Amino acid sequence: MTDENVLRVQGISKSFGGVTAVDNVSLAVKRGSITGLIGPNGSGKSTLFNLISGAEKKNPGGSIEFEGRAIDGLPPHRRSALGLGRTFQTPRLFTGMTVLENTMLAPRGQKGERPFVAPFRKRWEGQEIELAKKAQEQMTRLEIDKLYGKLTSEISGGQMKLAQLSTALMEDPKMLLLDEPTAGVAPRLAQDIFQSITDERQQKGTTFFIIEHRLEVLFKHVDTVFVMHQGRIIAEGRPESIVKDKKLIDAYLGS
Amino acid sequence: MLSGTAVGNICNVSAMLSRESIALAYPAISVSVWVIGLAFAMLAGGIMGLVVSYPALRVKEEWFLSMILLVGGETFRIVVTNTPQIGCGFNGLAGITTPFYWLSSYFPSGPLQAEVPTGLYAAVIVALALGCFVFAQKICNSPYGRLLKSIRDDKVAAESLAKDVSRVRKQIMVIGSVMAGLAGALYVYYIGVATPEDYIPALTFSIWVMMILGGFANNRGLLVGTFVITMLDRGSLVSGILLQSYLANLNPNLIVYGRYMVEAVILLLLLVFRQKGIFPETRIKTKAYTLFDFKKNNNAEPSNSPGEGPQTGGAASG
């Protein structure tokens with residue numbers, strides 16, 4: 001049974017008190033695609049990401065499947081361990097750690113992360129150096145390699161975005177949910193970020209699901225776009241058709 | 001179950017004296033009871049750590065956790081104090097000798113008789129403390145150290161990177177509690193009495209001052225903090241007694257308990273001027289940095305910030 005969809009969301013909702021942030025959303029994301037999720041502020045995009053990643057619990061009913069497996073009962077770290085990575089709209093970095101330490105934290109299956117292996121440096125150092133090389137390439141590509149020794153509390157907002165992306169990519173996820181990866185980043189670097197995303201997809205077949213407000217950059221790189229408005233998916237399609245969609249224009253301008 | 005008379009038998013003076021005479025006559029029993037005692041203390045500590053890790057997993061803020069642990073510790077202490085069946089209650093279990101007490105029979109009566117066993121035992125304690133320190137340094141300067149810091153900084157983000165936060169919290173609570181159990185057992189054998197009155201909340205705060213003084217996430221700094229506060233603690237006790245023989249009118253309590261005031265002043269000064277402690281948090285020293293530091297040194301670029309420059313070994317003392 002081959003499923004071309006890596007992620008399948010079926011009729012999920014989320015209410016906070018009386019407000020329904022995500023309202024009966026169903027969608028499917030194709031394996032290896034770059035898929036956009038757009039919509040005005042407060043339309044429920046980030047909440048949808050939180051439900052998929054497990055940072056928040058959905059209302060009873062509906063289902064979330066990742067790679068054909070129901071994940072809505074799993075805690076966030078188990079979902080991430082299956083290869084479903086994410087970043088946050090407001091970067092959530094480890095502020096007491098340097099940019100390099102943040103990036104080095106991400107890879108799964110580090111031998112030295114077990115407390116009784118950790119004291120024996122020889123048993124994990126080889127892996128550490130391999131990962132450090134990978135981290136260096138990653139950070140150089142995102143132009144944050146010179147910041148390696150800075151605490152993430154000392155860098156700018158844009159640099160934080162990049163450090164977070166670098167950390168998320170180090171995990172080698174099968175699918176990555178990116179919440180506004182270019183917000184607060186210089187325009188030229190925003191292009192580079194999307195170029196990195198495209199390269200990553202090319203090389204590793206990673207699926208990207210991206211919330212983004214910079215439509216001009218997003219539309220150049222995505223295969224499909226979902227439009228969200230007031231907690232619902234109101235449109236889905238290729239970027240060129242979405243641009244012409246009247247519902248989208250209404251949603252953004254406010255009808 | 002212990003009957004009332006059995007309790008009396010453990011706790012009274014003749015029991016205390018017979019414990020001492022057994023320790024003096026049978027070196028093998030003395031040492032092996034000590035080893036077994038340490039092992040049980042570590043086991044008990046580990047179990048306690050595992051038990052208290054469950055509330056630790058439920059609270060969102062570390063401060064609530066410290067309150068829970070403090071209250072839990074106090075409850076335990078009060079229960080032990082008022083239950084003679086456990087460790088002889090308020091009076092504690094006396095007549096616990098160091099594992100080298102039997103050595104004193106090899107020395108003529110005089111200061112050496114008491115000092116050699118105690119000194120040797122102190123050396124063993126220092127060696128074990130050093131072992132714990134090295135262990136702590138090694139696990140901190142490893143990917144595990146990174147994992148611990150990440151959970152401290154942002155639990156949700158750590159989970160989003162597939163880190164099993166609950167598991168790591170349990171692990172570290174158990175490791176810390178095993179060390180605490182070991183320390184407690186070593187201490188009891190050193191001072192010769194196991195009494196709940198030694199573990200009043202003031203001790204928690206003294207340890208807290210040691211940590212704030214040394215700096216968080218800096219083991220070397222912590223060593224300095226511990227040294228300063230312990231010297232203050234022991235020094236005030238000894239000097240209070242010594243000064244009494246010179247100054248007849250001096251109330252030694254003024255000096256002995258004055259240390260709490262000094263500690264409080266240190267704490268206040270630190271909270272105002274150095275919230276992060278005297279020594280800054282250290283970078284996690286793994287080989288990962290060598291790649292970057294090497295590149296940077298080769299390009300001979302100016303350091304980004306003086307405080308965060310490459311550190312190769314050596315304490316980052318401020």
# chains A, B, ... in the order shown; residues from 1 in each chain; ligands from 1

$ interface_residues --of "chain A" --to "chain B" --cutoff "6 Å" --atoms "only C-alpha atoms" --output "MDAnalysis selection string"
chainID A and resid 76:77 80:81 94 106 112:113 118:119 129 132

$ write_last_selection --atoms "all heavy atoms" --output "short mmCIF file (atom, residue, chain, number, x, y, z; two decimals), in the first residue's frame"
data_model
loop_
_atom_site.label_atom_id
_atom_site.label_comp_id
_atom_site.auth_asym_id
_atom_site.auth_seq_id
_atom_site.Cartn_x
_atom_site.Cartn_y
_atom_site.Cartn_z
N PRO A 76 4.71 14.55 21.92
CA PRO A 76 5.47 15.27 20.89
C PRO A 76 6.83 14.63 20.55
O PRO A 76 7.18 14.55 19.38
CB PRO A 76 5.69 16.66 21.51
CG PRO A 76 4.73 16.77 22.61
CD PRO A 76 4.25 15.43 22.99
N HIS A 77 7.55 14.15 21.58
CA HIS A 77 8.89 13.65 21.25
C HIS A 77 8.84 12.37 20.42
O HIS A 77 9.73 12.10 19.63
CB HIS A 77 9.74 13.48 22.52
CG HIS A 77 9.36 12.31 23.37
ND1 HIS A 77 8.43 12.40 24.37
CD2 HIS A 77 9.77 11.03 23.36
CE1 HIS A 77 8.29 11.22 24.94
NE2 HIS A 77 9.10 10.36 24.35
N SER A 80 8.22 13.45 16.83
CA SER A 80 9.46 13.96 16.27
C SER A 80 10.42 12.81 15.96
O SER A 80 11.12 12.82 14.95
CB SER A 80 10.07 14.95 17.26
OG SER A 80 11.38 15.22 16.93
N ALA A 81 10.42 11.80 16.83
CA ALA A 81 11.31 10.65 16.61
C ALA A 81 10.93 9.88 15.35
O ALA A 81 11.79 9.22 14.75
CB ALA A 81 11.28 9.74 17.83
N PHE A 94 17.57 27.25 22.65
CA PHE A 94 18.04 27.00 24.00
C PHE A 94 19.00 28.13 24.32
O PHE A 94 20.14 28.14 23.87
CB PHE A 94 18.67 25.61 24.07
CG PHE A 94 17.73 24.57 23.54
CD1 PHE A 94 17.90 24.01 22.29
CD2 PHE A 94 16.62 24.21 24.29
CE1 PHE A 94 17.00 23.09 21.79
CE2 PHE A 94 15.70 23.28 23.80
CZ PHE A 94 15.90 22.73 22.55
N ALA A 106 20.42 18.59 17.98
CA ALA A 106 19.29 18.06 17.22
C ALA A 106 19.38 16.59 16.79
O ALA A 106 18.38 15.88 16.90
CB ALA A 106 19.05 18.95 16.01
N GLY A 112 26.32 9.61 22.97
CA GLY A 112 26.68 10.33 24.19
C GLY A 112 25.50 10.93 24.93
O GLY A 112 25.67 11.59 25.94
N GLU A 113 24.29 10.71 24.42
CA GLU A 113 23.12 11.21 25.13
C GLU A 113 22.61 10.22 26.16
O GLU A 113 21.59 10.45 26.80
CB GLU A 113 22.00 11.57 24.14
CG GLU A 113 22.22 12.91 23.48
CD GLU A 113 21.02 13.40 22.71
OE1 GLU A 113 20.02 12.67 22.63
OE2 GLU A 113 21.09 14.53 22.20
N ALA A 118 27.97 8.65 28.31
CA ALA A 118 28.52 9.99 28.28
C ALA A 118 29.90 10.14 28.96
O ALA A 118 30.77 10.83 28.44
CB ALA A 118 27.52 10.98 28.88
N PRO A 119 30.14 9.48 30.12
CA PRO A 119 31.46 9.69 30.74
C PRO A 119 32.61 9.09 29.94
O PRO A 119 33.76 9.46 30.17
CB PRO A 119 31.33 8.96 32.10
CG PRO A 119 29.90 8.78 32.32
CD PRO A 119 29.26 8.69 30.97
N ILE A 129 32.34 14.20 16.17
CA ILE A 129 33.09 14.93 15.14
C ILE A 129 32.36 14.87 13.80
O ILE A 129 32.25 15.88 13.09
CB ILE A 129 34.53 14.38 15.05
CG1 ILE A 129 35.29 14.75 16.33
CG2 ILE A 129 35.26 14.94 13.83
CD1 ILE A 129 36.59 14.01 16.53
N ALA A 132 29.63 17.26 14.00
CA ALA A 132 30.14 18.64 13.99
C ALA A 132 30.45 19.08 12.56
O ALA A 132 30.21 20.23 12.20
CB ALA A 132 31.37 18.75 14.87
#

$ residues_around --residues "region 100-110 of chain B" --least-positions-apart "4" --cutoff "7 Å" --atoms "only C-alpha atoms" --output "MDAnalysis selection string"
chainID B and resid 23:25 27 114 117 121

$ residues_around --residues "Leu213 (chain B)" --least-positions-apart "3" --cutoff "12 Å" --atoms "only C-alpha atoms" --output "MDAnalysis selection string"
chainID B and resid 205:210 216:229 263:271 273:280

$ write_last_selection --atoms "N, CA and C atoms" --output "mmCIF file, in the first residue's frame"
data_model
loop_
_atom_site.group_PDB
_atom_site.id
_atom_site.type_symbol
_atom_site.label_atom_id
_atom_site.label_comp_id
_atom_site.auth_asym_id
_atom_site.auth_seq_id
_atom_site.Cartn_x
_atom_site.Cartn_y
_atom_site.Cartn_z
ATOM 1 N N PHE B 205 19.230 25.794 52.102
ATOM 2 C CA PHE B 205 19.541 27.152 51.677
ATOM 3 C C PHE B 205 21.043 27.396 51.619
ATOM 4 N N SER B 206 21.793 26.734 52.525
ATOM 5 C CA SER B 206 23.253 26.850 52.441
ATOM 6 C C SER B 206 23.741 26.300 51.102
ATOM 7 N N ILE B 207 23.180 25.171 50.706
ATOM 8 C CA ILE B 207 23.583 24.569 49.429
ATOM 9 C C ILE B 207 23.174 25.472 48.274
ATOM 10 N N TRP B 208 22.021 26.090 48.447
ATOM 11 C CA TRP B 208 21.547 27.020 47.432
ATOM 12 C C TRP B 208 22.525 28.200 47.290
ATOM 13 N N VAL B 209 22.982 28.722 48.427
ATOM 14 C CA VAL B 209 23.951 29.829 48.374
ATOM 15 C C VAL B 209 25.239 29.350 47.705
ATOM 16 N N MET B 210 25.669 28.119 48.014
ATOM 17 C CA MET B 210 26.862 27.576 47.356
ATOM 18 C C MET B 210 26.695 27.609 45.843
ATOM 19 N N PHE B 216 25.653 28.923 38.102
ATOM 20 C CA PHE B 216 24.902 27.766 37.627
ATOM 21 C C PHE B 216 25.627 27.107 36.460
ATOM 22 N N ALA B 217 25.425 25.828 36.360
ATOM 23 C CA ALA B 217 26.007 25.048 35.261
ATOM 24 C C ALA B 217 27.504 25.298 35.121
ATOM 25 N N ASN B 218 28.180 25.380 36.246
ATOM 26 C CA ASN B 218 29.633 25.489 36.231
ATOM 27 C C ASN B 218 30.148 24.693 37.430
ATOM 28 N N ASN B 219 30.592 23.490 37.167
ATOM 29 C CA ASN B 219 30.970 22.600 38.269
ATOM 30 C C ASN B 219 32.164 23.115 39.056
ATOM 31 N N ARG B 220 33.109 23.722 38.344
ATOM 32 C CA ARG B 220 34.284 24.250 39.051
ATOM 33 C C ARG B 220 33.872 25.375 39.985
ATOM 34 N N GLY B 221 32.986 26.244 39.483
ATOM 35 C CA GLY B 221 32.486 27.341 40.295
ATOM 36 C C GLY B 221 31.761 26.823 41.529
ATOM 37 N N LEU B 222 31.022 25.741 41.315
ATOM 38 C CA LEU B 222 30.272 25.140 42.409
ATOM 39 C C LEU B 222 31.220 24.660 43.503
ATOM 40 N N LEU B 223 32.369 24.152 43.060
ATOM 41 C CA LEU B 223 33.382 23.693 44.007
ATOM 42 C C LEU B 223 33.860 24.871 44.869
ATOM 43 N N VAL B 224 34.066 26.013 44.214
ATOM 44 C CA VAL B 224 34.501 27.215 44.943
ATOM 45 C C VAL B 224 33.403 27.656 45.918
ATOM 46 N N GLY B 225 32.156 27.668 45.428
ATOM 47 C CA GLY B 225 31.029 28.057 46.280
ATOM 48 C C GLY B 225 30.926 27.152 47.500
ATOM 49 N N THR B 226 31.074 25.858 47.274
ATOM 50 C CA THR B 226 31.009 24.889 48.364
ATOM 51 C C THR B 226 32.134 25.129 49.358
ATOM 52 N N PHE B 227 33.320 25.392 48.825
ATOM 53 C CA PHE B 227 34.477 25.636 49.685
ATOM 54 C C PHE B 227 34.239 26.861 50.574
ATOM 55 N N VAL B 228 33.784 27.938 49.964
ATOM 56 C CA VAL B 228 33.587 29.185 50.717
ATOM 57 C C VAL B 228 32.558 28.991 51.831
ATOM 58 N N ILE B 229 31.405 28.417 51.481
ATOM 59 C CA ILE B 229 30.333 28.288 52.474
ATOM 60 C C ILE B 229 30.709 27.262 53.551
ATOM 61 N N GLU B 263 25.870 34.483 55.356
ATOM 62 C CA GLU B 263 25.344 33.803 54.165
ATOM 63 C C GLU B 263 24.234 34.622 53.515
ATOM 64 N N ALA B 264 23.365 35.167 54.365
ATOM 65 C CA ALA B 264 22.253 35.962 53.839
ATOM 66 C C ALA B 264 22.768 37.192 53.101
ATOM 67 N N VAL B 265 23.802 37.820 53.680
ATOM 68 C CA VAL B 265 24.366 39.013 53.033
ATOM 69 C C VAL B 265 24.994 38.618 51.688
ATOM 70 N N ILE B 266 25.722 37.487 51.681
ATOM 71 C CA ILE B 266 26.309 37.012 50.426
ATOM 72 C C ILE B 266 25.217 36.793 49.388
ATOM 73 N N LEU B 267 24.140 36.145 49.819
ATOM 74 C CA LEU B 267 23.032 35.849 48.905
ATOM 75 C C LEU B 267 22.436 37.131 48.339
ATOM 76 N N LEU B 268 22.202 38.112 49.225
ATOM 77 C CA LEU B 268 21.618 39.381 48.781
ATOM 78 C C LEU B 268 22.529 40.082 47.788
ATOM 79 N N LEU B 269 23.827 40.136 48.124
ATOM 80 C CA LEU B 269 24.769 40.815 47.234
ATOM 81 C C LEU B 269 24.800 40.143 45.862
ATOM 82 N N LEU B 270 24.779 38.807 45.890
ATOM 83 C CA LEU B 270 24.813 38.081 44.618
ATOM 84 C C LEU B 270 23.556 38.348 43.802
ATOM 85 N N LEU B 271 22.404 38.337 44.484
ATOM 86 C CA LEU B 271 21.158 38.527 43.753
ATOM 87 C C LEU B 271 21.065 39.929 43.159
ATOM 88 N N PHE B 273 23.970 41.897 42.422
ATOM 89 C CA PHE B 273 25.060 42.211 41.492
ATOM 90 C C PHE B 273 25.436 41.080 40.527
ATOM 91 N N ARG B 274 25.288 39.858 40.949
ATOM 92 C CA ARG B 274 25.693 38.747 40.069
ATOM 93 C C ARG B 274 24.657 37.624 40.100
ATOM 94 N N GLN B 275 23.545 37.832 39.408
ATOM 95 C CA GLN B 275 22.483 36.815 39.450
ATOM 96 C C GLN B 275 22.957 35.468 38.945
ATOM 97 N N LYS B 276 23.926 35.493 38.055
ATOM 98 C CA LYS B 276 24.362 34.222 37.463
ATOM 99 C C LYS B 276 25.555 33.628 38.193
ATOM 100 N N GLY B 277 25.861 34.170 39.371
ATOM 101 C CA GLY B 277 26.975 33.631 40.134
ATOM 102 C C GLY B 277 28.279 34.311 39.762
ATOM 103 N N ILE B 278 29.316 33.979 40.520
ATOM 104 C CA ILE B 278 30.605 34.623 40.283
ATOM 105 C C ILE B 278 31.229 34.092 38.999
ATOM 106 N N PHE B 279 31.070 32.804 38.765
ATOM 107 C CA PHE B 279 31.674 32.226 37.572
ATOM 108 C C PHE B 279 30.609 32.010 36.504
ATOM 109 N N PRO B 280 30.923 32.373 35.265
ATOM 110 C CA PRO B 280 29.911 32.217 34.221
ATOM 111 C C PRO B 280 29.696 30.751 33.872
#

$ residues_around --residues "region 173-180 of chain A" --least-positions-apart "2" --cutoff "8 Å" --atoms "only C-alpha atoms" --output "NGL selection string"
:A and (6 or 46 or 49 or 83-89 or 168-169 or 171 or 182-183 or 205-213)

$ residues_around --residues "Met48 (chain B)" --least-positions-apart "5" --cutoff "10 Å" --atoms "only C-alpha atoms" --output "JSON, numbers by chain"
{"B": [42, 43, 53, 173, 174, 177, 178, 181]}

$ atom_distance --atom1 "CA of Asn41 (chain A)" --atom2 "CA of Gln195 (chain A)"
25.3 Å

$ select_by_dssp --residues "region 2-232 of chain A" --states "alpha helix (DSSP H)" --output "PyMOL selection string"
chain A and resi 45-53+76-81+99-105+121-141+157-170+187-204+215-221

$ select_by_dssp --residues "region 192-235 of chain A" --states "strand (DSSP E)" --output "list of chain:residue names"
A:Thr207, A:Phe208, A:Phe209, A:Ile210, A:Ile211, A:Thr224, A:Val225, A:Phe226, A:Val227, A:Met228, A:His229, A:Arg232, A:Ile233, A:Ile234, A:Ala235

$ write_last_selection --atoms "all heavy atoms" --output "compact mmCIF listing (two decimals), in the first residue's frame"
# COMPACT_ATOMS: atom_id res chain seq x y z
N THR A 207 10.07 16.41 2.98
CA THR A 207 8.83 17.13 2.72
C THR A 207 8.80 18.38 3.59
O THR A 207 9.16 18.32 4.77
CB THR A 207 7.62 16.24 3.10
OG1 THR A 207 7.79 14.96 2.50
CG2 THR A 207 6.32 16.87 2.66
N PHE A 208 8.39 19.49 3.00
CA PHE A 208 8.30 20.73 3.79
C PHE A 208 6.86 21.24 3.79
O PHE A 208 6.20 21.26 2.75
CB PHE A 208 9.21 21.82 3.19
CG PHE A 208 10.66 21.58 3.46
CD1 PHE A 208 11.44 20.85 2.56
CD2 PHE A 208 11.26 22.05 4.61
CE1 PHE A 208 12.78 20.63 2.80
CE2 PHE A 208 12.60 21.83 4.87
CZ PHE A 208 13.36 21.11 3.96
N PHE A 209 6.42 21.62 4.96
CA PHE A 209 5.10 22.23 5.11
C PHE A 209 5.37 23.57 5.78
O PHE A 209 5.88 23.59 6.90
CB PHE A 209 4.22 21.31 5.97
CG PHE A 209 2.74 21.63 5.92
CD1 PHE A 209 2.20 22.44 4.93
CD2 PHE A 209 1.88 21.10 6.87
CE1 PHE A 209 0.83 22.71 4.89
CE2 PHE A 209 0.51 21.37 6.84
CZ PHE A 209 0.00 22.17 5.85
N ILE A 210 5.08 24.66 5.07
CA ILE A 210 5.61 25.96 5.49
C ILE A 210 4.53 27.01 5.65
O ILE A 210 3.74 27.27 4.72
CB ILE A 210 6.64 26.47 4.45
CG1 ILE A 210 7.71 25.41 4.17
CG2 ILE A 210 7.28 27.77 4.93
CD1 ILE A 210 8.64 25.77 3.03
N ILE A 211 4.48 27.61 6.83
CA ILE A 211 3.65 28.80 7.03
C ILE A 211 4.51 29.99 6.64
O ILE A 211 5.66 30.09 7.10
CB ILE A 211 3.23 28.94 8.51
CG1 ILE A 211 2.35 27.76 8.94
CG2 ILE A 211 2.50 30.27 8.73
CD1 ILE A 211 1.96 27.80 10.41
N THR A 224 2.29 23.26 -3.77
CA THR A 224 0.88 23.40 -3.44
C THR A 224 0.74 24.39 -2.29
O THR A 224 1.64 24.49 -1.46
CB THR A 224 0.30 22.04 -2.95
OG1 THR A 224 0.71 21.04 -3.87
CG2 THR A 224 -1.21 22.08 -2.87
N VAL A 225 -0.38 25.06 -2.27
CA VAL A 225 -0.64 26.00 -1.17
C VAL A 225 -2.03 25.72 -0.59
O VAL A 225 -2.97 25.48 -1.34
CB VAL A 225 -0.58 27.47 -1.67
CG1 VAL A 225 -0.87 28.42 -0.52
CG2 VAL A 225 0.76 27.77 -2.28
N PHE A 226 -2.08 25.73 0.75
CA PHE A 226 -3.39 25.70 1.41
C PHE A 226 -3.63 27.10 1.96
O PHE A 226 -2.72 27.75 2.46
CB PHE A 226 -3.38 24.73 2.59
CG PHE A 226 -3.36 23.29 2.18
CD1 PHE A 226 -2.18 22.57 2.18
CD2 PHE A 226 -4.53 22.64 1.79
CE1 PHE A 226 -2.15 21.25 1.80
CE2 PHE A 226 -4.51 21.31 1.42
CZ PHE A 226 -3.32 20.60 1.41
N VAL A 227 -4.86 27.54 1.86
CA VAL A 227 -5.20 28.85 2.41
C VAL A 227 -6.13 28.63 3.59
O VAL A 227 -7.13 27.90 3.48
CB VAL A 227 -5.90 29.75 1.36
CG1 VAL A 227 -6.09 31.15 1.93
CG2 VAL A 227 -5.10 29.79 0.07
N MET A 228 -5.78 29.25 4.71
CA MET A 228 -6.58 29.08 5.90
C MET A 228 -7.22 30.40 6.28
O MET A 228 -6.61 31.46 6.14
CB MET A 228 -5.68 28.60 7.04
CG MET A 228 -6.31 27.51 7.87
SD MET A 228 -5.14 26.85 9.03
CE MET A 228 -6.30 26.27 10.26
N HIS A 229 -8.45 30.33 6.72
CA HIS A 229 -9.15 31.54 7.14
C HIS A 229 -10.14 31.16 8.22
O HIS A 229 -10.93 30.23 8.05
CB HIS A 229 -9.86 32.16 5.93
CG HIS A 229 -10.56 33.44 6.25
ND1 HIS A 229 -9.93 34.50 6.87
CD2 HIS A 229 -11.84 33.83 6.04
CE1 HIS A 229 -10.78 35.48 7.03
NE2 HIS A 229 -11.96 35.11 6.54
N ARG A 232 -10.50 27.47 9.09
CA ARG A 232 -10.84 26.49 8.05
C ARG A 232 -9.90 26.60 6.87
O ARG A 232 -9.36 27.67 6.59
CB ARG A 232 -12.26 26.74 7.51
CG ARG A 232 -13.36 26.48 8.50
CD ARG A 232 -14.61 27.20 8.00
NE ARG A 232 -15.62 27.22 9.06
CZ ARG A 232 -16.59 26.30 9.15
NH1 ARG A 232 -16.68 25.34 8.26
NH2 ARG A 232 -17.46 26.37 10.15
N ILE A 233 -9.77 25.50 6.13
CA ILE A 233 -9.05 25.54 4.87
C ILE A 233 -10.05 26.01 3.82
O ILE A 233 -11.08 25.35 3.60
CB ILE A 233 -8.52 24.14 4.48
CG1 ILE A 233 -7.58 23.59 5.56
CG2 ILE A 233 -7.84 24.18 3.12
CD1 ILE A 233 -6.20 24.19 5.58
N ILE A 234 -9.77 27.16 3.23
CA ILE A 234 -10.75 27.69 2.27
C ILE A 234 -10.31 27.49 0.83
O ILE A 234 -11.11 27.65 -0.09
CB ILE A 234 -11.06 29.19 2.53
CG1 ILE A 234 -9.77 30.02 2.50
CG2 ILE A 234 -11.81 29.37 3.84
CD1 ILE A 234 -10.02 31.50 2.38
N ALA A 235 -9.06 27.17 0.62
CA ALA A 235 -8.62 26.93 -0.75
C ALA A 235 -7.39 26.06 -0.75
O ALA A 235 -6.64 26.02 0.21
CB ALA A 235 -8.32 28.26 -1.46

$ atom_distance --atom1 "CA of Glu20 (chain B)" --atom2 "CA of Val193 (chain B)"
12.0 Å

$ atom_distance --atom1 "CA of Val262 (chain B)" --atom2 "CA of Leu70 (chain B)"
22.5 Å
